[in-house]
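Below is one structure, written out as structure tokens; the observations come after it.
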Amino acid sequence: MIDLIFAQTLNGLASASSLFLVACGLSIIFGVTRIVNFAHGSFYMLGAYLAFTLVTRFGPADVFGFWGGVLVAALIVAALGAIVEIVILRRIYQAPELFQLLATFGLVLMVQDIALGIWGPEDKLGPRAPGFKSFVVLMGSRFPTYELFLIVVGPIMLGLLWFLFQKTRWGTLVRAATQDREMVGALGVNQRLLFTSVFAFGAGLAALGGALQLPREAVNLHMDLSMISEAFVVVVVGGLGSVTGAYLAAVLIGIIHAFGILVFPKITLVLVFLVMAVVLVIKPYGLMGERPVGSAHAHGPVEPLLLPASFNIKLIGLAALAVLLLAPFVVADHWLLTLTELSIFALFAASLHFMMGPGGMASFGHAAYFGLGAYGAALAVKWLGMPMLPALAFAPFLAGIAGFVFGWFCVRLSGVYLAMLTLAFAQIAWATAFQWVDVTGGDNGILGIWPAPWASSKLVYYYLALAICVAAILALRVVIFAPFGYALRAGRDSPLRAEAIGLPVMRIQWIAFIIAAFAAGIAGALFAFFKGSVFPTYMAIPRSVDGLLMVLLGGVQTVSGPIVGAFAFMGLQEQLVKATMYWRFVLGASIVLLVILFPRGLVGTALAFAERRREAEPAPPVTAAPELAR
Amino acid sequence: MDRRQFVSGAALGAAALATPSLLRAQSAPIKIGEINSYTSQPAFLKPYRQGWELALEQVNAAGGVLGRKVETLFRDDAGKPEDSVRLAGELINAEKVDLLSGGFLSNVGLAIADYALQNKRLYVASEPLSDAIVWAKGNRYTFRLRPSTYMQAAMLVEEAAKLPAKKWAVVAPNYEYGQSAVKWFKELLKKAKPDVEFVAEQFPALGRIDAGATVQALEAAKPDAIFNVTFAADLSNFVRQGNTRGLFEGRTVVSMLTGEPEYLDPLGAETPVGWIVTGYPHADIQTPDHVKFRDAYKAKYNDYPRLGSVVGFDTMNAIATGIAKAGTTENEKLIDALKGLKFTSAFGPVEFRASDHQSTLGAYVGKTAIKDGKGVMVDWRYADGAKYLPSDAEVKTLRPAG
């Protein structure tokens, strides 16, 4: 037994090293630039692929060929990182918080197709490292020397990084910028150079992490996404911006993995997220993190005031609704399927926006409530024998209850920590649906959830979905402009003052969380009957990311943005999938382009533009209050 | 199969396309809506699509089916069942396809199958391995080509039962395919050899195996033999750690799908020797049907076929043969024609069983070996799918839909 414990400890330490390098780069980038870099996993994957190519070219048996290839791969990716920062990200630092996430997600999509194009679909099992090809016998079992090497690499890199950040001017600047960016800029430091170098450095670390995996893992096209979620967990568990914290967290995750499979072999799906949830509930800023100094909204434009729609905007809204109502008489039958789906996604996006925009609580796991709504409907049909309408009414309560429980924990945190806790809960919900085969059917899902006979025609179901979605979206809108909505925004903009005038900020946020979950549940239930089946993918990470993209693309600081974003993003994706097998590249490139052209989201930019035009005109009448942010 | 003789391998291509027979096919083409996870599973599905397009080209060069050209609309579901349902709706309603085909992941296949039932459309599932697709959730509108999880497990159990091993360990990806494979393997092996016991189970998350720790955990249980269900990158990582740590020394490993070129080729010189596997020894199968297929494939793509190529090629041919037999694309009649349909696959003659709509396509069972630094299968035999399927009477209890 003792030898097994020893061996598993070593295994955990070995797998922690690469994770540490990747997470550390992510953490530094976030600390300085406040960018949640989804493309970090792509840098990791590119590092591994490039290392494979270079090492094979330079000669894998040769010491210089191998290690030279690994280092050159990391340097190339660092250069790529610099280019990405200069060409894309630099243009959008002034955008609303989290907006840059859109651009990095566009990059993820592009890199997936580029890697497929360059390296082909087959996995690449790299050569073993010269000098570390064999094993040593430790306490009776064979242990690969390369794993021992990795165990040593972790602390060495930690030491080097410590030296870099504590003893060099560049490192000091990075730490200063992590603490207070504005102040560093005010003191005359070249921010542009600092940001570019930090981004390149982080990308290089990720690539090094990928390249070092070469002798122990087959390089494949799924590496990017499987690494990114784990890296985020490590960063958050360790504490944002803390290199030591990242190392501790990586070791923790690695070791828990190695032992977890001994005790609960099936729990690996969710283990890391359970750990993260526990850590965040106990230590809200991670193991080594500190409460951020200064305002959470340290950069980006000031949140514009949300105002009820003007007459003109109401007209536009009514016209759009009329178009949707009349569409069945004009367009071909099959378009109704697309429109039904888009209406459902519009409600999903609007529900996420409700907590993200006015509530100021970004969620990385909103799909949980969408999925729970879908499962609520499916379970009601399968296990309770409910007909469609009662099932539709029942389902959102499952989502709402989850919002009630998860929300209680989440509203205690803020910013990215809150977002990551929502992600953890979403993953736990996902794993439950995936693992509880007797009730949920596991990943084979629940089939045969079709609408009642009277609603089964495309036309009727379209009108049903449209009616429910429009009603729910309008209800959300009413709440935003009701006293509750103002109180919510007060809590977002200035929690201290809101508390001072007697608003229970945390409770208000909790209620908003529940409302958002409930609304997402409505969308999920409609989606279940629309598709006829439910699967764990409904609450998987990609669905949550889709929601974020819709909201951000439309404009998080507007009320109608999410609806426009849902139609734009999902519509674009659906059309591209039909048009080309390289839809990921085209979609990714379109997202990047849209982000640069519309740095406040589609609606946000349009409104800002209209606002500028109005300001250019001679003194407008007082009644036409600033038309920002609808 | 006059059509196939008519188009002898190398004579394909541009010349064949220009034959007048095509021009005579004046009525509207027969449309097949083919949905698959092309972008998320490219290693299997790129060869699949190439195999499909080869068969399509041959069918059309021979004048199409019922005097009509055959057309395929390829759609990418990106590995999401909900997207596959949307695409199925789009293909049927907008593109007016005559039938649906495809599906790689089991849940995608099940989603399309349920959609097919609801909309009364034929769906020919090519790859999804789940037993549910023809049994527990089987329906009138769904047929499946590839040998299922049950069949492949049964083929391996036949070999495993001959081994002296008593203590078994299993490692499988944690999702339906892995769980079912383990369930059937245990059940069938216990039936064949009641004195076996299973001493360790590992279920790493798909695509995320922590190979070192997994190998160590299996090693600690000191099994006599191991049943492996991991594949793709998980398999490569598992094998490398297992080789270095000596997990496979003195133990027999029985392994699902490992002999398929998609998963064997990346292993290269790392290929473990002596594993008992199901797979596809493409270079060594010299039956006339296979040689003709392989030559045509090599001529068109300048590459050897993978198992995906075979599945794509066979699915397309099965559909074409079925339509020719039915004499119509009217779905209800087409389904009646597919029940018990005999067609020629690259592995020889097979049929869609009338009782459960499963084809009797088999797999090759053999041992892994290394030849010139590459993984190959040796001592293989063709395991005819028909022998590894439950009888029609048993199917009645497994398949509520009848």
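Every chain in the structure tokens has a letter given in the order shown (A, B, ...), and although residue numbers restart at 1 in each chain, ligands are simply numbered from 1 in the order shown.
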Within 10 Å of region 110-115 of chain B, counting only C-alpha atoms, which residues qualify if same-chain residues fewer than 5 places away don't, as a JSON list (two decimals) with C-alpha atoms, in the first residue's frame?
```
[["chain", "number", "residue", "atom", "x", "y", "z"],
["A", 444, "ASN", "CA", -27.14, 8.55, -24.54],
["A", 445, "GLY", "CA", -29.66, 11.02, -23.17],
["A", 446, "ILE", "CA", -33.44, 10.79, -22.97],
["A", 447, "LEU", "CA", -35.22, 10.27, -26.24],
["A", 448, "GLY", "CA", -38.77, 10.75, -27.42],
["A", 449, "ILE", "CA", -39.59, 14.13, -25.83],
["A", 450, "TRP", "CA", -41.74, 15.34, -28.68],
["A", 531, "LYS", "CA", -35.26, 18.65, -30.45],
["A", 532, "GLY", "CA", -37.20, 15.67, -29.15],
["A", 533, "SER", "CA", -34.33, 14.56, -26.92],
["A", 534, "VAL", "CA", -31.99, 15.81, -24.22],
["A", 535, "PHE", "CA", -28.31, 15.10, -23.73],
["B", 35, "ILE", "CA", -24.62, 13.91, -41.06],
["B", 80, "LYS", "CA", -23.39, 17.68, -30.72],
["B", 81, "PRO", "CA", -26.59, 15.61, -30.89],
["B", 82, "GLU", "CA", -28.80, 18.71, -30.79],
["B", 83, "ASP", "CA", -27.04, 20.06, -33.87],
["B", 84, "SER", "CA", -27.51, 16.79, -35.70],
["B", 85, "VAL", "CA", -31.27, 17.07, -35.15],
["B", 86, "ARG", "CA", -31.26, 20.58, -36.57],
["B", 87, "LEU", "CA", -29.28, 19.41, -39.60],
["B", 88, "ALA", "CA", -31.64, 16.47, -40.10],
["B", 89, "GLY", "CA", -34.56, 18.91, -40.13],
["B", 100, "LEU", "CA", -30.52, 10.25, -43.86],
["B", 101, "SER", "CA", -27.27, 8.55, -43.02],
["B", 102, "GLY", "CA", -24.16, 8.94, -40.88],
["B", 103, "GLY", "CA", -23.50, 9.45, -37.20],
["B", 105, "LEU", "CA", -20.94, 9.25, -31.74],
["B", 120, "LYS", "CA", -40.97, 8.61, -40.59],
["B", 121, "ARG", "CA", -37.72, 8.85, -42.53],
["B", 122, "LEU", "CA", -35.16, 6.19, -43.24],
["B", 123, "TYR", "CA", -31.89, 6.63, -41.36],
["B", 124, "VAL", "CA", -28.93, 4.40, -42.15],
["B", 125, "ALA", "CA", -26.59, 4.73, -39.17],
["B", 128, "PRO", "CA", -22.39, 4.63, -33.97],
["B", 130, "SER", "CA", -24.22, 1.77, -29.22],
["B", 132, "ALA", "CA", -29.31, 0.83, -28.01],
["B", 133, "ILE", "CA", -29.56, 2.05, -31.57],
["B", 134, "VAL", "CA", -30.86, -1.29, -32.82],
["B", 137, "LYS", "CA", -34.16, 2.21, -28.72],
["B", 138, "GLY", "CA", -34.34, 0.47, -32.08],
["B", 139, "ASN", "CA", -37.09, 1.56, -34.43],
["B", 140, "ARG", "CA", -38.52, 0.74, -37.83],
["B", 141, "TYR", "CA", -36.74, 3.60, -39.55],
["B", 142, "THR", "CA", -33.20, 2.94, -38.39],
["B", 143, "PHE", "CA", -30.60, 0.51, -39.73]]
```
Neighbours of Pro281 (chain B) within 10 Å (only C-alpha atoms; same-chain residues fewer than 6 positions away dropped), as an MDAnalysis selection string? chainID B and resid 259:261 306:307 363:366 368 376:378 380:381
Output file for the selection above: C-alpha atoms, as a PDB file, in the first residue's frame:
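selection_5.pdb, written as the output of this step:
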```pdb
ATOM      1  CA  GLY B 259      -6.227  -2.977 -34.699  1.00  0.00           C
ATOM      2  CA  GLU B 260      -7.990  -0.270 -36.689  1.00  0.00           C
ATOM      3  CA  PRO B 261      -5.427   1.746 -38.654  1.00  0.00           C
ATOM      4  CA  ARG B 306      -8.641   3.084 -43.037  1.00  0.00           C
ATOM      5  CA  LEU B 307     -11.565   1.374 -41.351  1.00  0.00           C
ATOM      6  CA  ALA B 363     -14.480  -7.347 -37.981  1.00  0.00           C
ATOM      7  CA  TYR B 364     -11.015  -8.833 -38.091  1.00  0.00           C
ATOM      8  CA  VAL B 365      -9.698 -10.370 -34.909  1.00  0.00           C
ATOM      9  CA  GLY B 366      -5.968 -10.878 -34.553  1.00  0.00           C
ATOM     10  CA  THR B 368      -0.726  -6.870 -32.802  1.00  0.00           C
ATOM     11  CA  VAL B 376       0.339  -4.382 -37.863  1.00  0.00           C
ATOM     12  CA  MET B 377      -2.134  -7.183 -37.190  1.00  0.00           C
ATOM     13  CA  VAL B 378      -0.995 -10.787 -37.523  1.00  0.00           C
ATOM     14  CA  TRP B 380      -5.951 -12.550 -37.943  1.00  0.00           C
ATOM     15  CA  ARG B 381      -9.216 -14.044 -39.051  1.00  0.00           C
TER      16      ARG B 381
END
```
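All residues of region 210-260 of chain B that DSSP, run on the backbone, classes as helix (DSSP H, G or I) are Ala211, Gly212, Ala213, Thr214, Val215, Gln216, Ala217, Leu218, Glu219, Ala220, Ala232, Ala233, Asp234, Leu235, Ser236, Asn237, Phe238, Val239, Arg240, Gln241, Gly242, Asn243, Thr244 and Arg245 of chain B.
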Would you write out those residues with C-alpha atoms, as a CSV table (one decimal), in the first residue's frame?
```csv
chain,number,residue,atom,x,y,z
B,211,ALA,CA,-2.0,7.6,-18.1
B,212,GLY,CA,0.7,7.2,-15.5
B,213,ALA,CA,-1.7,7.1,-12.5
B,214,THR,CA,-4.0,4.8,-14.4
B,215,VAL,CA,-1.3,2.3,-15.3
B,216,GLN,CA,-0.1,2.4,-11.7
B,217,ALA,CA,-3.6,1.7,-10.4
B,218,LEU,CA,-4.0,-1.3,-12.7
B,219,GLU,CA,-0.5,-2.6,-11.9
B,220,ALA,CA,-1.3,-2.5,-8.2
B,232,ALA,CA,-7.2,7.3,-30.0
B,233,ALA,CA,-5.0,9.7,-27.9
B,234,ASP,CA,-6.0,7.9,-24.6
B,235,LEU,CA,-4.7,4.7,-26.1
B,236,SER,CA,-1.4,6.1,-27.2
B,237,ASN,CA,-0.8,7.7,-23.8
B,238,PHE,CA,-1.8,4.5,-22.0
B,239,VAL,CA,0.4,2.3,-24.1
B,240,ARG,CA,3.5,4.5,-23.7
B,241,GLN,CA,3.2,4.7,-19.9
B,242,GLY,CA,2.3,1.0,-19.8
B,243,ASN,CA,5.3,0.1,-21.9
B,244,THR,CA,7.7,2.1,-19.8
B,245,ARG,CA,6.3,0.9,-16.5
```
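With only C-alpha atoms as the atoms that count, the residue of A:Ser560, A:Thr196, A:Thr580, A:Ser226 with the shortest distance to Ile29 (chain A) is A:Thr196.
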With the cut-off set at 8 Å and counting only C-alpha atoms, tabulate each residue of chain A with an atom at most that distance from an atom of chain B, showing the nearest atom pair and its distance in Å to one decimal, ordered by chain and increasing number, as JSON lines.
```
{"residue": "A:Leu4", "atom": "CA", "partner": "B:Ala220", "partner_atom": "CA", "distance": 7.0}
{"residue": "A:Ala7", "atom": "CA", "partner": "B:Gln216", "partner_atom": "CA", "distance": 7.4}
{"residue": "A:Gln8", "atom": "CA", "partner": "B:Ala213", "partner_atom": "CA", "distance": 6.0}
{"residue": "A:Asn11", "atom": "CA", "partner": "B:Ala213", "partner_atom": "CA", "distance": 5.7}
{"residue": "A:Gly12", "atom": "CA", "partner": "B:Ala213", "partner_atom": "CA", "distance": 7.4}
{"residue": "A:Ser15", "atom": "CA", "partner": "B:Asp210", "partner_atom": "CA", "distance": 7.9}
{"residue": "A:Pro121", "atom": "CA", "partner": "B:Ala43", "partner_atom": "CA", "distance": 4.5}
{"residue": "A:Glu122", "atom": "CA", "partner": "B:Ala43", "partner_atom": "CA", "distance": 5.2}
{"residue": "A:Asp123", "atom": "CA", "partner": "B:Pro266", "partner_atom": "CA", "distance": 5.9}
{"residue": "A:Lys124", "atom": "CA", "partner": "B:Pro266", "partner_atom": "CA", "distance": 5.9}
{"residue": "A:Leu125", "atom": "CA", "partner": "B:Pro266", "partner_atom": "CA", "distance": 6.0}
{"residue": "A:Ser134", "atom": "CA", "partner": "B:Thr244", "partner_atom": "CA", "distance": 6.5}
{"residue": "A:Phe135", "atom": "CA", "partner": "B:Thr244", "partner_atom": "CA", "distance": 6.5}
{"residue": "A:Ser141", "atom": "CA", "partner": "B:Arg245", "partner_atom": "CA", "distance": 7.6}
{"residue": "A:Arg142", "atom": "CA", "partner": "B:Arg245", "partner_atom": "CA", "distance": 5.0}
{"residue": "A:Phe143", "atom": "CA", "partner": "B:Arg245", "partner_atom": "CA", "distance": 6.0}
{"residue": "A:Pro144", "atom": "CA", "partner": "B:Thr244", "partner_atom": "CA", "distance": 6.1}
{"residue": "A:Arg216", "atom": "CA", "partner": "B:Asn237", "partner_atom": "CA", "distance": 6.5}
{"residue": "A:Glu217", "atom": "CA", "partner": "B:Asn237", "partner_atom": "CA", "distance": 5.2}
{"residue": "A:Ala218", "atom": "CA", "partner": "B:Ala233", "partner_atom": "CA", "distance": 5.5}
{"residue": "A:Val219", "atom": "CA", "partner": "B:Ala233", "partner_atom": "CA", "distance": 7.5}
{"residue": "A:Asn220", "atom": "CA", "partner": "B:Ala233", "partner_atom": "CA", "distance": 6.8}
{"residue": "A:His222", "atom": "CA", "partner": "B:Gly207", "partner_atom": "CA", "distance": 7.5}
{"residue": "A:Ser226", "atom": "CA", "partner": "B:Arg208", "partner_atom": "CA", "distance": 7.0}
{"residue": "A:His257", "atom": "CA", "partner": "B:Asp210", "partner_atom": "CA", "distance": 7.7}
{"residue": "A:Ala258", "atom": "CA", "partner": "B:Ala213", "partner_atom": "CA", "distance": 5.2}
{"residue": "A:Ile261", "atom": "CA", "partner": "B:Gln202", "partner_atom": "CA", "distance": 7.2}
{"residue": "A:Leu262", "atom": "CA", "partner": "B:Ala217", "partner_atom": "CA", "distance": 6.4}
{"residue": "A:Pro265", "atom": "CA", "partner": "B:Gln202", "partner_atom": "CA", "distance": 5.3}
{"residue": "A:Lys266", "atom": "CA", "partner": "B:Phe203", "partner_atom": "CA", "distance": 5.3}
{"residue": "A:Thr268", "atom": "CA", "partner": "B:Ala205", "partner_atom": "CA", "distance": 6.1}
{"residue": "A:Leu269", "atom": "CA", "partner": "B:Ala205", "partner_atom": "CA", "distance": 5.5}
{"residue": "A:Asp333", "atom": "CA", "partner": "B:Asn93", "partner_atom": "CA", "distance": 7.2}
{"residue": "A:His334", "atom": "CA", "partner": "B:Asn93", "partner_atom": "CA", "distance": 5.3}
{"residue": "A:Leu337", "atom": "CA", "partner": "B:Gly89", "partner_atom": "CA", "distance": 7.4}
{"residue": "A:Phe434", "atom": "CA", "partner": "B:Tyr175", "partner_atom": "CA", "distance": 7.9}
{"residue": "A:Gly442", "atom": "CA", "partner": "B:Glu176", "partner_atom": "CA", "distance": 7.1}
{"residue": "A:Asp443", "atom": "CA", "partner": "B:Glu176", "partner_atom": "CA", "distance": 6.3}
{"residue": "A:Asn444", "atom": "CA", "partner": "B:Asn107", "partner_atom": "CA", "distance": 4.7}
{"residue": "A:Gly445", "atom": "CA", "partner": "B:Asn107", "partner_atom": "CA", "distance": 7.0}
{"residue": "A:Leu447", "atom": "CA", "partner": "B:Asp114", "partner_atom": "CA", "distance": 6.7}
{"residue": "A:Gly448", "atom": "CA", "partner": "B:Asp114", "partner_atom": "CA", "distance": 6.6}
{"residue": "A:Lys531", "atom": "CA", "partner": "B:Val85", "partner_atom": "CA", "distance": 6.4}
{"residue": "A:Gly532", "atom": "CA", "partner": "B:Tyr115", "partner_atom": "CA", "distance": 7.2}
{"residue": "A:Ser533", "atom": "CA", "partner": "B:Ala111", "partner_atom": "CA", "distance": 6.7}
{"residue": "A:Val534", "atom": "CA", "partner": "B:Glu82", "partner_atom": "CA", "distance": 7.9}
{"residue": "A:Phe535", "atom": "CA", "partner": "B:Pro81", "partner_atom": "CA", "distance": 7.4}
{"residue": "A:Thr537", "atom": "CA", "partner": "B:Lys80", "partner_atom": "CA", "distance": 6.7}
{"residue": "A:Tyr538", "atom": "CA", "partner": "B:Glu82", "partner_atom": "CA", "distance": 7.9}
{"residue": "A:Val577", "atom": "CA", "partner": "B:Asp76", "partner_atom": "CA", "distance": 6.6}
{"residue": "A:Lys578", "atom": "CA", "partner": "B:Arg75", "partner_atom": "CA", "distance": 6.5}
{"residue": "A:Met581", "atom": "CA", "partner": "B:Asp76", "partner_atom": "CA", "distance": 7.2}
```
What's around region 181-183 of chain A at 8 Å? Count only C-alpha atoms, leave out sequence neighbours fewer than 4 positions away in its own chain, and write the answer as a CSV table (one decimal) with C-alpha atoms, in the first residue's frame.
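Saved the output as part27.csv:
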```csv
chain,number,residue,atom,x,y,z
A,32,VAL,CA,-1.8,42.3,-16.3
A,176,ALA,CA,3.0,46.5,-10.3
A,177,ALA,CA,0.7,46.3,-13.3
A,187,LEU,CA,4.2,56.6,-13.9
A,298,ALA,CA,-10.6,49.2,-13.4
```
At a cut-off of 6 Å, using only C-alpha atoms, what residues contact Ala200 (chain A)? Leave out same-chain residues fewer than 3 positions from it and give the result as a VMD selection string. chain A and resid 78 81 to 82 197 203
Who sits within 9 Å of Ala386 (chain B), only C-alpha atoms, same chain under 5 positions skipped, as a tab-separated table (two decimals) with C-alpha atoms, in the first residue's frame:
```tsv
chain	number	residue	atom	x	y	z
B	350	VAL	CA	-23.39	-9.13	-45.67
B	351	GLU	CA	-27.02	-8.49	-44.92
B	353	ARG	CA	-31.01	-8.56	-40.43
B	359	SER	CA	-25.92	-5.54	-40.57
B	360	THR	CA	-23.85	-8.68	-40.32
B	361	LEU	CA	-20.67	-6.87	-41.27
B	362	GLY	CA	-17.90	-8.37	-39.18
```
Using backbone DSSP assignments, extract all strand (DSSP E or B) residues from region 51-208 of chain B; output them as an MDAnalysis selection string. chainID B and resid 65 68 70:76 99:102 123:125 142:144 167:171 197:202
Write out, as a CSV table (one decimal), in the first residue's frame, the residues just selected, with C-alpha atoms.
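Full text of out14.csv as output:
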```
chain,number,residue,atom,x,y,z
B,65,VAL,CA,-29.6,4.0,-59.3
B,68,ARG,CA,-31.1,8.6,-61.5
B,70,VAL,CA,-27.1,9.9,-56.6
B,71,GLU,CA,-26.1,13.0,-54.7
B,72,THR,CA,-24.8,13.4,-51.2
B,73,LEU,CA,-25.2,16.5,-48.9
B,74,PHE,CA,-22.6,16.4,-46.2
B,75,ARG,CA,-23.3,18.1,-42.9
B,76,ASP,CA,-21.1,18.6,-39.9
B,99,LEU,CA,-33.0,9.6,-46.6
B,100,LEU,CA,-30.5,10.3,-43.9
B,101,SER,CA,-27.3,8.5,-43.0
B,102,GLY,CA,-24.2,8.9,-40.9
B,123,TYR,CA,-31.9,6.6,-41.4
B,124,VAL,CA,-28.9,4.4,-42.1
B,125,ALA,CA,-26.6,4.7,-39.2
B,142,THR,CA,-33.2,2.9,-38.4
B,143,PHE,CA,-30.6,0.5,-39.7
B,144,ARG,CA,-27.0,0.2,-38.6
B,167,LYS,CA,-7.8,-12.2,-12.7
B,168,TRP,CA,-8.9,-9.5,-15.1
B,169,ALA,CA,-8.5,-5.7,-14.9
B,170,VAL,CA,-10.4,-3.3,-17.2
B,171,VAL,CA,-9.8,0.2,-18.5
B,197,GLU,CA,-12.8,-12.5,-11.5
B,198,PHE,CA,-12.4,-8.8,-12.2
B,199,VAL,CA,-10.0,-7.2,-9.8
B,200,ALA,CA,-9.7,-3.6,-11.0
B,201,GLU,CA,-11.6,-1.1,-13.1
B,202,GLN,CA,-10.4,2.3,-14.4
```
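Proximity to Met539 (chain A) was assessed for A:Phe527, A:Phe329, A:Phe394, A:Phe370 counting only C-alpha atoms; the smallest distance is recorded for A:Phe370.
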Would you please work out which residue, of A:Val592, A:Ala517, A:Val63, A:Leu423, is nearest to Gly131 (chain A) when using only C-alpha atoms? A:Val63
